[in-house]
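Engineer: One file: data-v8.cif (mmCIF, C-alpha atoms).
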data_entry
#
loop_
_atom_site.label_atom_id
_atom_site.label_comp_id
_atom_site.auth_asym_id
_atom_site.auth_seq_id
_atom_site.Cartn_x
_atom_site.Cartn_y
_atom_site.Cartn_z
CA MET A 1 -39.66 37.75 -108.20
CA LYS A 2 -37.82 40.19 -106.06
CA GLN A 3 -40.28 39.61 -103.22
CA LEU A 4 -39.74 35.87 -103.39
CA PHE A 5 -35.99 36.31 -103.28
CA ALA A 6 -36.27 38.68 -100.28
CA LEU A 7 -38.49 36.19 -98.44
CA LEU A 8 -36.02 33.33 -99.00
CA THR A 9 -33.17 35.54 -97.83
CA LEU A 10 -35.04 36.49 -94.64
CA THR A 11 -35.86 32.85 -93.97
CA ALA A 12 -32.23 31.84 -94.41
CA VAL A 13 -31.07 34.58 -92.02
CA LEU A 14 -33.57 33.53 -89.37
CA ASN A 15 -32.58 29.85 -89.66
CA PHE A 16 -28.89 30.70 -89.41
CA GLY A 17 -29.48 32.80 -86.26
CA THR A 18 -31.48 30.02 -84.68
CA ILE A 19 -28.71 27.54 -85.47
CA ASN A 20 -26.13 29.90 -83.96
CA VAL A 21 -28.21 30.31 -80.80
CA ILE A 22 -28.62 26.53 -80.43
CA TYR A 23 -24.93 25.98 -81.07
CA ALA A 24 -24.04 28.63 -78.49
CA GLN A 25 -26.35 27.01 -75.93
CA ASP A 26 -24.86 23.61 -76.64
CA ALA A 27 -21.37 24.99 -76.34
CA ASN A 28 -22.20 26.68 -73.03
CA ALA A 29 -23.78 23.48 -71.71
CA THR A 30 -20.79 21.46 -72.79
CA GLU A 31 -18.42 23.95 -71.17
CA GLN A 32 -20.43 23.93 -67.91
CA THR A 33 -20.46 20.13 -67.88
CA ALA A 34 -16.69 20.06 -68.36
CA GLU A 35 -16.17 22.53 -65.51
CA ASP A 36 -18.45 20.48 -63.23
CA SER A 37 -16.53 17.32 -64.12
CA ILE A 38 -13.23 19.01 -63.38
CA ALA A 39 -14.56 20.30 -60.02
CA GLN A 40 -15.87 16.87 -59.09
CA ALA A 41 -12.55 15.30 -60.03
CA LYS A 42 -10.69 17.82 -57.89
CA ALA A 43 -13.07 17.21 -54.98
CA ALA A 44 -12.62 13.46 -55.32
CA GLN A 45 -8.83 13.88 -55.40
CA GLU A 46 -8.91 16.10 -52.31
CA LYS A 47 -11.14 13.60 -50.48
CA ILE A 48 -8.82 10.74 -51.37
CA LYS A 49 -5.82 12.77 -50.27
CA ALA A 50 -7.49 13.70 -46.97
CA GLU A 51 -8.39 10.07 -46.30
CA ALA A 52 -4.84 9.03 -47.12
CA ASP A 53 -3.41 11.70 -44.76
CA ALA A 54 -5.79 10.65 -41.97
CA LYS A 55 -4.88 7.01 -42.44
CA ALA A 56 -1.18 7.88 -42.46
CA LYS A 57 -1.55 9.88 -39.23
CA ALA A 58 -3.50 7.05 -37.59
CA ASP A 59 -0.89 4.52 -38.64
CA ALA A 60 1.89 6.76 -37.36
CA ALA A 61 0.12 7.25 -34.03
CA LYS A 62 -0.49 3.52 -33.73
CA THR A 63 3.13 2.78 -34.53
CA GLU A 64 4.33 5.34 -32.00
CA GLU A 65 1.98 3.91 -29.36
CA GLU A 66 3.25 0.42 -30.04
CA ALA A 67 6.83 1.59 -29.99
CA THR A 68 6.41 3.51 -26.71
CA PRO A 69 6.89 1.08 -23.80
CA GLU A 70 4.19 0.99 -21.14
CA VAL A 71 5.19 2.67 -17.90
CA GLU A 72 5.16 0.07 -15.12
CA LEU A 73 3.89 1.24 -11.76
CA THR A 74 6.08 0.67 -8.74
CA PHE A 75 4.89 -1.37 -5.76
CA GLN A 76 4.25 1.78 -3.71
CA GLN A 77 2.23 3.33 -6.54
CA VAL A 78 0.12 0.20 -6.92
CA ILE A 79 -0.57 0.11 -3.18
CA LYS A 80 -1.50 3.80 -3.19
CA GLN A 81 -3.80 3.37 -6.19
CA LYS A 82 -5.59 0.37 -4.67
CA PHE A 83 -5.88 2.15 -1.33
CA ILE A 84 -7.63 5.10 -3.00
CA GLU A 85 -9.91 2.78 -4.95
CA GLY A 86 -10.91 1.04 -1.72
CA GLY A 87 -12.46 4.22 -0.35
CA PRO A 88 -11.38 6.50 2.53
CA GLY A 89 -13.83 5.09 5.07
CA PHE A 90 -12.76 1.66 6.20
CA MET A 91 -9.39 1.91 4.46
CA GLY A 92 -8.52 4.89 6.66
CA ILE A 93 -9.47 2.99 9.83
CA VAL A 94 -7.38 0.01 8.74
CA LEU A 95 -4.45 2.36 8.08
CA VAL A 96 -4.82 3.83 11.58
CA CYS A 97 -4.63 0.29 13.01
CA LEU A 98 -1.43 -0.30 11.05
CA ILE A 99 0.17 2.98 12.17
CA LEU A 100 -0.68 2.51 15.87
CA GLY A 101 0.35 -1.13 15.78
CA LEU A 102 3.70 -0.33 14.16
CA ALA A 103 4.31 2.46 16.68
CA ILE A 104 3.89 0.03 19.57
CA VAL A 105 5.98 -2.58 17.76
CA ILE A 106 8.89 -0.16 17.25
CA GLU A 107 8.74 0.97 20.89
CA ARG A 108 8.73 -2.64 22.14
CA ILE A 109 11.58 -3.73 19.88
CA VAL A 110 13.76 -0.81 21.01
CA TYR A 111 12.92 -1.47 24.67
CA LEU A 112 13.59 -5.21 24.44
CA ASN A 113 16.89 -4.70 22.65
CA MET A 114 17.98 -2.29 25.37
CA ALA A 115 16.80 -4.80 28.01
CA THR A 116 19.00 -7.54 26.61
CA THR A 117 22.03 -8.08 28.85
CA ASN A 118 25.05 -10.33 28.71
CA SER A 119 24.14 -12.13 31.92
CA ASN A 120 27.27 -14.31 31.98
CA LYS A 121 29.54 -11.26 31.91
CA LEU A 122 27.39 -9.55 34.54
CA LEU A 123 27.54 -12.56 36.85
CA LYS A 124 31.32 -12.71 36.53
CA ASN A 125 31.64 -9.00 37.34
CA ILE A 126 29.37 -9.40 40.37
CA GLU A 127 31.31 -12.38 41.64
CA ASP A 128 34.61 -10.51 41.25
CA SER A 129 33.13 -7.47 43.00
CA LEU A 130 31.85 -9.60 45.88
CA SER A 131 35.29 -11.08 46.33
CA ALA A 132 37.05 -7.73 46.11
CA GLY A 133 34.69 -5.14 47.59
CA GLY A 134 31.68 -6.94 49.03
CA VAL A 135 27.98 -6.35 48.48
CA GLU A 136 28.21 -2.60 47.92
CA ALA A 137 30.68 -3.05 45.07
CA ALA A 138 28.41 -5.66 43.49
CA LYS A 139 25.40 -3.34 43.87
CA GLU A 140 27.38 -0.60 42.15
CA ILE A 141 27.97 -2.92 39.20
CA CYS A 142 24.22 -3.57 38.97
CA ARG A 143 23.39 0.14 39.14
CA ASN A 144 25.70 0.86 36.21
CA THR A 145 24.23 -1.92 34.06
CA LYS A 146 21.01 -1.56 32.08
CA GLY A 147 18.36 -4.21 31.77
CA PRO A 148 15.95 -6.21 33.94
CA VAL A 149 18.58 -8.79 34.92
CA ALA A 150 20.75 -6.15 36.58
CA SER A 151 17.68 -4.69 38.32
CA ILE A 152 16.74 -8.11 39.72
CA PHE A 153 20.31 -8.70 40.88
CA TYR A 154 20.31 -5.34 42.67
CA GLN A 155 17.12 -6.22 44.57
CA GLY A 156 18.56 -9.57 45.58
CA LEU A 157 21.86 -8.08 46.72
CA ASP A 158 20.06 -5.33 48.61
CA ARG A 159 18.41 -7.99 50.82
CA SER A 160 21.34 -10.35 51.01
CA HIS A 161 21.85 -9.54 54.71
CA GLU A 162 18.38 -10.98 55.46
CA GLY A 163 19.28 -14.45 54.29
CA ILE A 164 19.10 -16.56 51.13
CA GLU A 165 15.37 -17.21 51.45
CA MET A 166 14.63 -13.50 51.48
CA VAL A 167 16.89 -13.04 48.46
CA GLU A 168 14.97 -15.73 46.58
CA LYS A 169 11.61 -14.13 47.41
CA SER A 170 12.89 -10.73 46.37
CA VAL A 171 14.26 -12.05 43.08
CA VAL A 172 11.00 -13.88 42.27
CA SER A 173 8.81 -10.90 43.16
CA TYR A 174 10.85 -8.34 41.27
CA GLY A 175 11.20 -10.77 38.37
CA GLY A 176 7.42 -10.71 38.00
CA VAL A 177 7.52 -6.91 37.91
CA GLN A 178 10.16 -6.92 35.21
CA MET A 179 8.22 -9.48 33.21
CA GLY A 180 5.19 -7.18 33.28
CA LEU A 181 7.32 -4.32 31.98
CA LEU A 182 8.63 -6.51 29.17
CA GLU A 183 5.10 -7.51 28.11
CA LYS A 184 3.74 -3.96 28.32
CA GLY A 185 1.77 -2.95 25.21
CA ILE A 186 1.78 -6.40 23.61
CA SER A 187 -1.96 -6.80 24.21
CA TRP A 188 -2.59 -3.71 22.06
CA ILE A 189 -0.71 -5.29 19.18
CA SER A 190 -2.88 -8.41 19.43
CA LEU A 191 -5.96 -6.15 19.46
CA PHE A 192 -4.95 -4.48 16.19
CA ILE A 193 -4.16 -7.89 14.68
CA ALA A 194 -7.73 -9.00 15.37
CA LEU A 195 -9.33 -5.64 14.57
CA ALA A 196 -7.80 -5.01 11.12
CA PRO A 197 -9.27 -8.06 9.31
CA MET A 198 -12.60 -7.58 11.10
CA LEU A 199 -12.80 -4.04 9.74
CA GLY A 200 -11.86 -5.39 6.32
CA PHE A 201 -14.65 -7.95 6.45
CA MET A 202 -17.10 -5.27 7.54
CA GLY A 203 -16.07 -3.17 4.54
CA THR A 204 -16.62 -6.23 2.36
CA VAL A 205 -20.15 -6.71 3.67
CA ILE A 206 -20.98 -3.04 3.19
CA GLY A 207 -19.54 -3.11 -0.34
CA MET A 208 -21.64 -6.16 -1.22
CA ILE A 209 -24.75 -4.43 0.13
CA GLY A 210 -23.95 -1.46 -2.12
CA ALA A 211 -23.53 -3.81 -5.09
CA PHE A 212 -26.94 -5.37 -4.50
CA ASP A 213 -28.47 -1.91 -4.13
CA ALA A 214 -27.01 -1.02 -7.54
CA ILE A 215 -28.54 -4.18 -9.02
CA ALA A 216 -31.93 -3.30 -7.56
CA ALA A 217 -31.73 0.28 -8.85
CA ALA A 218 -30.64 -0.74 -12.36
CA GLY A 219 -32.89 -3.77 -12.62
CA ASP A 220 -30.00 -5.61 -14.24
CA ILE A 221 -27.39 -8.03 -12.95
CA SER A 222 -24.73 -7.25 -15.54
CA PRO A 223 -21.09 -7.27 -14.37
CA ALA A 224 -20.71 -3.55 -15.07
CA VAL A 225 -23.35 -2.75 -12.45
CA VAL A 226 -21.82 -4.69 -9.57
CA ALA A 227 -18.11 -4.55 -10.45
CA ASP A 228 -17.29 -1.38 -8.48
CA GLY A 229 -19.04 -2.49 -5.31
CA ILE A 230 -17.44 -5.92 -5.32
CA LYS A 231 -14.01 -4.42 -6.06
CA VAL A 232 -14.23 -2.04 -3.09
CA ALA A 233 -15.42 -4.89 -0.88
CA LEU A 234 -12.51 -7.13 -1.78
CA LEU A 235 -9.93 -4.35 -1.44
CA THR A 236 -10.93 -3.63 2.16
CA THR A 237 -10.57 -7.32 3.00
CA VAL A 238 -7.16 -7.55 1.34
CA PHE A 239 -5.77 -4.52 3.17
CA GLY A 240 -7.17 -5.71 6.48
CA LEU A 241 -5.45 -9.07 6.03
CA ILE A 242 -2.18 -7.38 5.00
CA VAL A 243 -2.18 -5.26 8.16
CA ALA A 244 -2.92 -8.31 10.31
CA ILE A 245 -0.12 -10.31 8.67
CA ILE A 246 2.46 -7.54 9.15
CA LEU A 247 1.57 -7.01 12.81
CA GLN A 248 1.40 -10.76 13.47
CA ILE A 249 4.98 -11.22 12.29
CA PHE A 250 6.25 -8.49 14.62
CA TYR A 251 4.05 -9.77 17.45
CA ASN A 252 5.59 -13.24 17.25
CA TYR A 253 9.08 -11.72 17.19
CA ILE A 254 8.34 -9.64 20.29
CA VAL A 255 6.84 -12.59 22.18
CA ALA A 256 9.88 -14.72 21.32
CA LYS A 257 12.19 -11.91 22.47
CA VAL A 258 10.31 -11.58 25.78
CA ASP A 259 10.47 -15.32 26.38
CA SER A 260 14.20 -15.28 25.70
CA ILE A 261 14.80 -12.44 28.19
CA VAL A 262 12.60 -14.10 30.83
CA ASN A 263 14.46 -17.39 30.50
CA ASP A 264 17.75 -15.55 30.79
CA MET A 265 16.49 -13.76 33.91
CA GLU A 266 15.48 -17.05 35.56
CA ASN A 267 18.78 -18.75 34.77
CA ALA A 268 20.79 -15.73 35.90
CA SER A 269 18.76 -15.48 39.12
CA ILE A 270 19.57 -19.11 39.98
CA SER A 271 23.25 -18.41 39.29
CA LEU A 272 23.11 -15.34 41.55
CA ILE A 273 21.67 -17.41 44.40
CA ASP A 274 24.48 -19.92 43.94
CA ILE A 275 27.07 -17.12 44.09
CA LEU A 276 25.54 -15.70 47.26
CA VAL A 277 25.47 -19.15 48.87
CA LYS A 278 29.10 -19.64 47.85
CA HIS A 279 30.15 -16.41 49.55
CA ASP A 280 27.78 -17.04 52.49
CA LEU A 281 26.87 -13.35 52.72
CA SER A 282 24.05 -13.90 55.15
CA LYS A 283 26.61 -14.47 57.91
CA LYS A 284 28.51 -11.30 57.26
#
Write out the structure in this file as structure tokens.
Structural biologist:
Amino acid sequence: MKQLFALLTLTAVLNFGTINVIYAQDANATEQTAEDSIAQAKAAQEKIKAEADAKAKADAAKTEEEATPEVELTFQQVIKQKFIEGGPGFMGIVLVCLILGLAIVIERIVYLNMATTNSNKLLKNIEDSLSAGGVEAAKEICRNTKGPVASIFYQGLDRSHEGIEMVEKSVVSYGGVQMGLLEKGISWISLFIALAPMLGFMGTVIGMIGAFDAIAAAGDISPAVVADGIKVALLTTVFGLIVAIILQIFYNYIVAKVDSIVNDMENASISLIDILVKHDLSKK
């Protein structure tokens, strides 16, 4: 009887220990699962927070970009940018044409403005000098006056003692010399006017050849392949035409100025002959 009771007691103890072990394992597993759930929840919260912060930063940057006004380039900056994009080769040659052409234009404009003379006032002074002091006084007036008209008058007065016909020949001959001086350098301006667009067109042709070479190398005719070559080609043409237009405007102004001075010289020369005939200097 005692043995049976001891056996039952041992069995009960073993079953209770097994139950405790299973309960402990279940408790540990439940605790581990709860910790994993908490960690996953924290990770999810951190991920959501990070995404929210990134979105907020992106929205703020977008808002700031939209709020910041775009900086507009000035005309000089645009010209400089396009000039660089056109390439230093032909664009540099076109720029040289512009610089040389403008240098000649400035020199001609200054010279022609200095050559402009108030011929009516000069004729009156000469006539008064002839009446008061004779030919030498009139020649002194011409020496102290700038311009081709005064130079022509001086040559005519210097030969007044040889007769009116000799005065006319002298005025005509020296008038041709003065006309040549007035037109000096104008042919170079016309050369640059013709040369600038020709160089631009040559740059266009070379740029198109480069574009077709890019198409052949890529085996594709997409716009991205040929865009750069075509852009460079068109820029050289545009700048060549701009240079030609600028120089053409100044060229026409200079030609008109020369024509005006020449007409004034011819009219003043006729008036000088009339004054000499009036005073009949050939007999003195």
Engineer: Tell me which residues the PyMOL selection byres ((chain A and resi 172-186) around 10) grabs here, as a PyMOL selection string.
Structural biologist: chain A and resi 101+104-105+107-108+111-112+115+147-149+151-153+155-156+166-171+187-191+251+254-255+257-259+261-262+265-266+269
Engineer: Selected residues, C-alpha atoms, written as an mmCIF file, keeping the file's coordinate frame, please.
Structural biologist:
data_model
loop_
_atom_site.group_PDB
_atom_site.id
_atom_site.type_symbol
_atom_site.label_atom_id
_atom_site.label_comp_id
_atom_site.auth_asym_id
_atom_site.auth_seq_id
_atom_site.Cartn_x
_atom_site.Cartn_y
_atom_site.Cartn_z
ATOM 1 C CA GLY A 101 0.350 -1.130 15.780
ATOM 2 C CA ILE A 104 3.890 0.030 19.570
ATOM 3 C CA VAL A 105 5.980 -2.580 17.760
ATOM 4 C CA GLU A 107 8.740 0.970 20.890
ATOM 5 C CA ARG A 108 8.730 -2.640 22.140
ATOM 6 C CA TYR A 111 12.920 -1.470 24.670
ATOM 7 C CA LEU A 112 13.590 -5.210 24.440
ATOM 8 C CA ALA A 115 16.800 -4.800 28.010
ATOM 9 C CA GLY A 147 18.360 -4.210 31.770
ATOM 10 C CA PRO A 148 15.950 -6.210 33.940
ATOM 11 C CA VAL A 149 18.580 -8.790 34.920
ATOM 12 C CA SER A 151 17.680 -4.690 38.320
ATOM 13 C CA ILE A 152 16.740 -8.110 39.720
ATOM 14 C CA PHE A 153 20.310 -8.700 40.880
ATOM 15 C CA GLN A 155 17.120 -6.220 44.570
ATOM 16 C CA GLY A 156 18.560 -9.570 45.580
ATOM 17 C CA MET A 166 14.630 -13.500 51.480
ATOM 18 C CA VAL A 167 16.890 -13.040 48.460
ATOM 19 C CA GLU A 168 14.970 -15.730 46.580
ATOM 20 C CA LYS A 169 11.610 -14.130 47.410
ATOM 21 C CA SER A 170 12.890 -10.730 46.370
ATOM 22 C CA VAL A 171 14.260 -12.050 43.080
ATOM 23 C CA SER A 187 -1.960 -6.800 24.210
ATOM 24 C CA TRP A 188 -2.590 -3.710 22.060
ATOM 25 C CA ILE A 189 -0.710 -5.290 19.180
ATOM 26 C CA SER A 190 -2.880 -8.410 19.430
ATOM 27 C CA LEU A 191 -5.960 -6.150 19.460
ATOM 28 C CA TYR A 251 4.050 -9.770 17.450
ATOM 29 C CA ILE A 254 8.340 -9.640 20.290
ATOM 30 C CA VAL A 255 6.840 -12.590 22.180
ATOM 31 C CA LYS A 257 12.190 -11.910 22.470
ATOM 32 C CA VAL A 258 10.310 -11.580 25.780
ATOM 33 C CA ASP A 259 10.470 -15.320 26.380
ATOM 34 C CA ILE A 261 14.800 -12.440 28.190
ATOM 35 C CA VAL A 262 12.600 -14.100 30.830
ATOM 36 C CA MET A 265 16.490 -13.760 33.910
ATOM 37 C CA GLU A 266 15.480 -17.050 35.560
ATOM 38 C CA SER A 269 18.760 -15.480 39.120
#
Engineer: Between CA of Leu122 (chain A) and CA of Ile106 (chain A), measure the distance and give it in Å to one decimal.
Structural biologist: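 Between these atoms lies a distance of 27.0 Å.
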Engineer: Which value, in Å to one decimal, gives the distance between CA of Asn144 (chain A) and CA of Glu162 (chain A)?
Structural biologist: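 These atoms are spaced 23.8 Å apart.
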Engineer: The PyMOL selection byres ((chain A and resi 91-98) around 8) - which residues does that actually catch in the file I just gave you? List them as number ranges by chain.
Structural biologist: A: 83, 86-90, 99-102, 192, 195-196, 199-200, 236, 239-240, 243, 247
Engineer: What's the separation between CA of His161 (chain A) and CA of Asn267 (chain A), in Å to one decimal place?
Structural biologist: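 It comes out at 22.2 Å.
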Engineer: Selected by the PyMOL selection byres ((chain A and resi 207-210) around 7) in the shown coordinates: which residues, as a PyMOL selection string?
Structural biologist: chain A and resi 203-206+211-214+229-230+232-233
Engineer: Those residues with C-alpha atoms, as a PDB file, in the frame of the given file please?
Structural biologist:
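Resulting contents of result.pdb:
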ATOM      1  CA  GLY A 203     -16.070  -3.170   4.540  1.00  0.00           C
ATOM      2  CA  THR A 204     -16.620  -6.230   2.360  1.00  0.00           C
ATOM      3  CA  VAL A 205     -20.150  -6.710   3.670  1.00  0.00           C
ATOM      4  CA  ILE A 206     -20.980  -3.040   3.190  1.00  0.00           C
ATOM      5  CA  ALA A 211     -23.530  -3.810  -5.090  1.00  0.00           C
ATOM      6  CA  PHE A 212     -26.940  -5.370  -4.500  1.00  0.00           C
ATOM      7  CA  ASP A 213     -28.470  -1.910  -4.130  1.00  0.00           C
ATOM      8  CA  ALA A 214     -27.010  -1.020  -7.540  1.00  0.00           C
ATOM      9  CA  GLY A 229     -19.040  -2.490  -5.310  1.00  0.00           C
ATOM     10  CA  ILE A 230     -17.440  -5.920  -5.320  1.00  0.00           C
ATOM     11  CA  VAL A 232     -14.230  -2.040  -3.090  1.00  0.00           C
ATOM     12  CA  ALA A 233     -15.420  -4.890  -0.880  1.00  0.00           C
TER      13      ALA A 233
END
Engineer: My list of candidates is A:Met198, A:Leu276, A:Ile141, A:Ile193. Which is closest to Ile245 (chain A) when distances are computed with all atoms listed in the file?
Structural biologist: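 Checking each of A:Met198, A:Leu276, A:Ile141, A:Ile193 against Ile245 (chain A), counting all atoms listed in the file, the winner is A:Ile193.
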Engineer: Determine the nearest neighbour of Ala194 (chain A) from the options A:Gln248, A:Ser260, A:Thr117, A:Ser131, counting only C-alpha atoms.
Structural biologist: A:Gln248
Engineer: If we draw a sphere of 12 Å around (30.5, -1.9, 47.3), which residues have at least one atom in it when counting all atoms listed in the file? Please report them as a list in words.
Structural biologist: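 Output of the proximity query reads Ile126, Glu127, Asp128, Ser129, Leu130, Ser131, Ala132, Gly133, Gly134, Val135, Glu136, Ala137, Ala138, Lys139, Glu140, Ile141, Cys142, Arg143, Tyr154, Leu157 and Asp158 of chain A.
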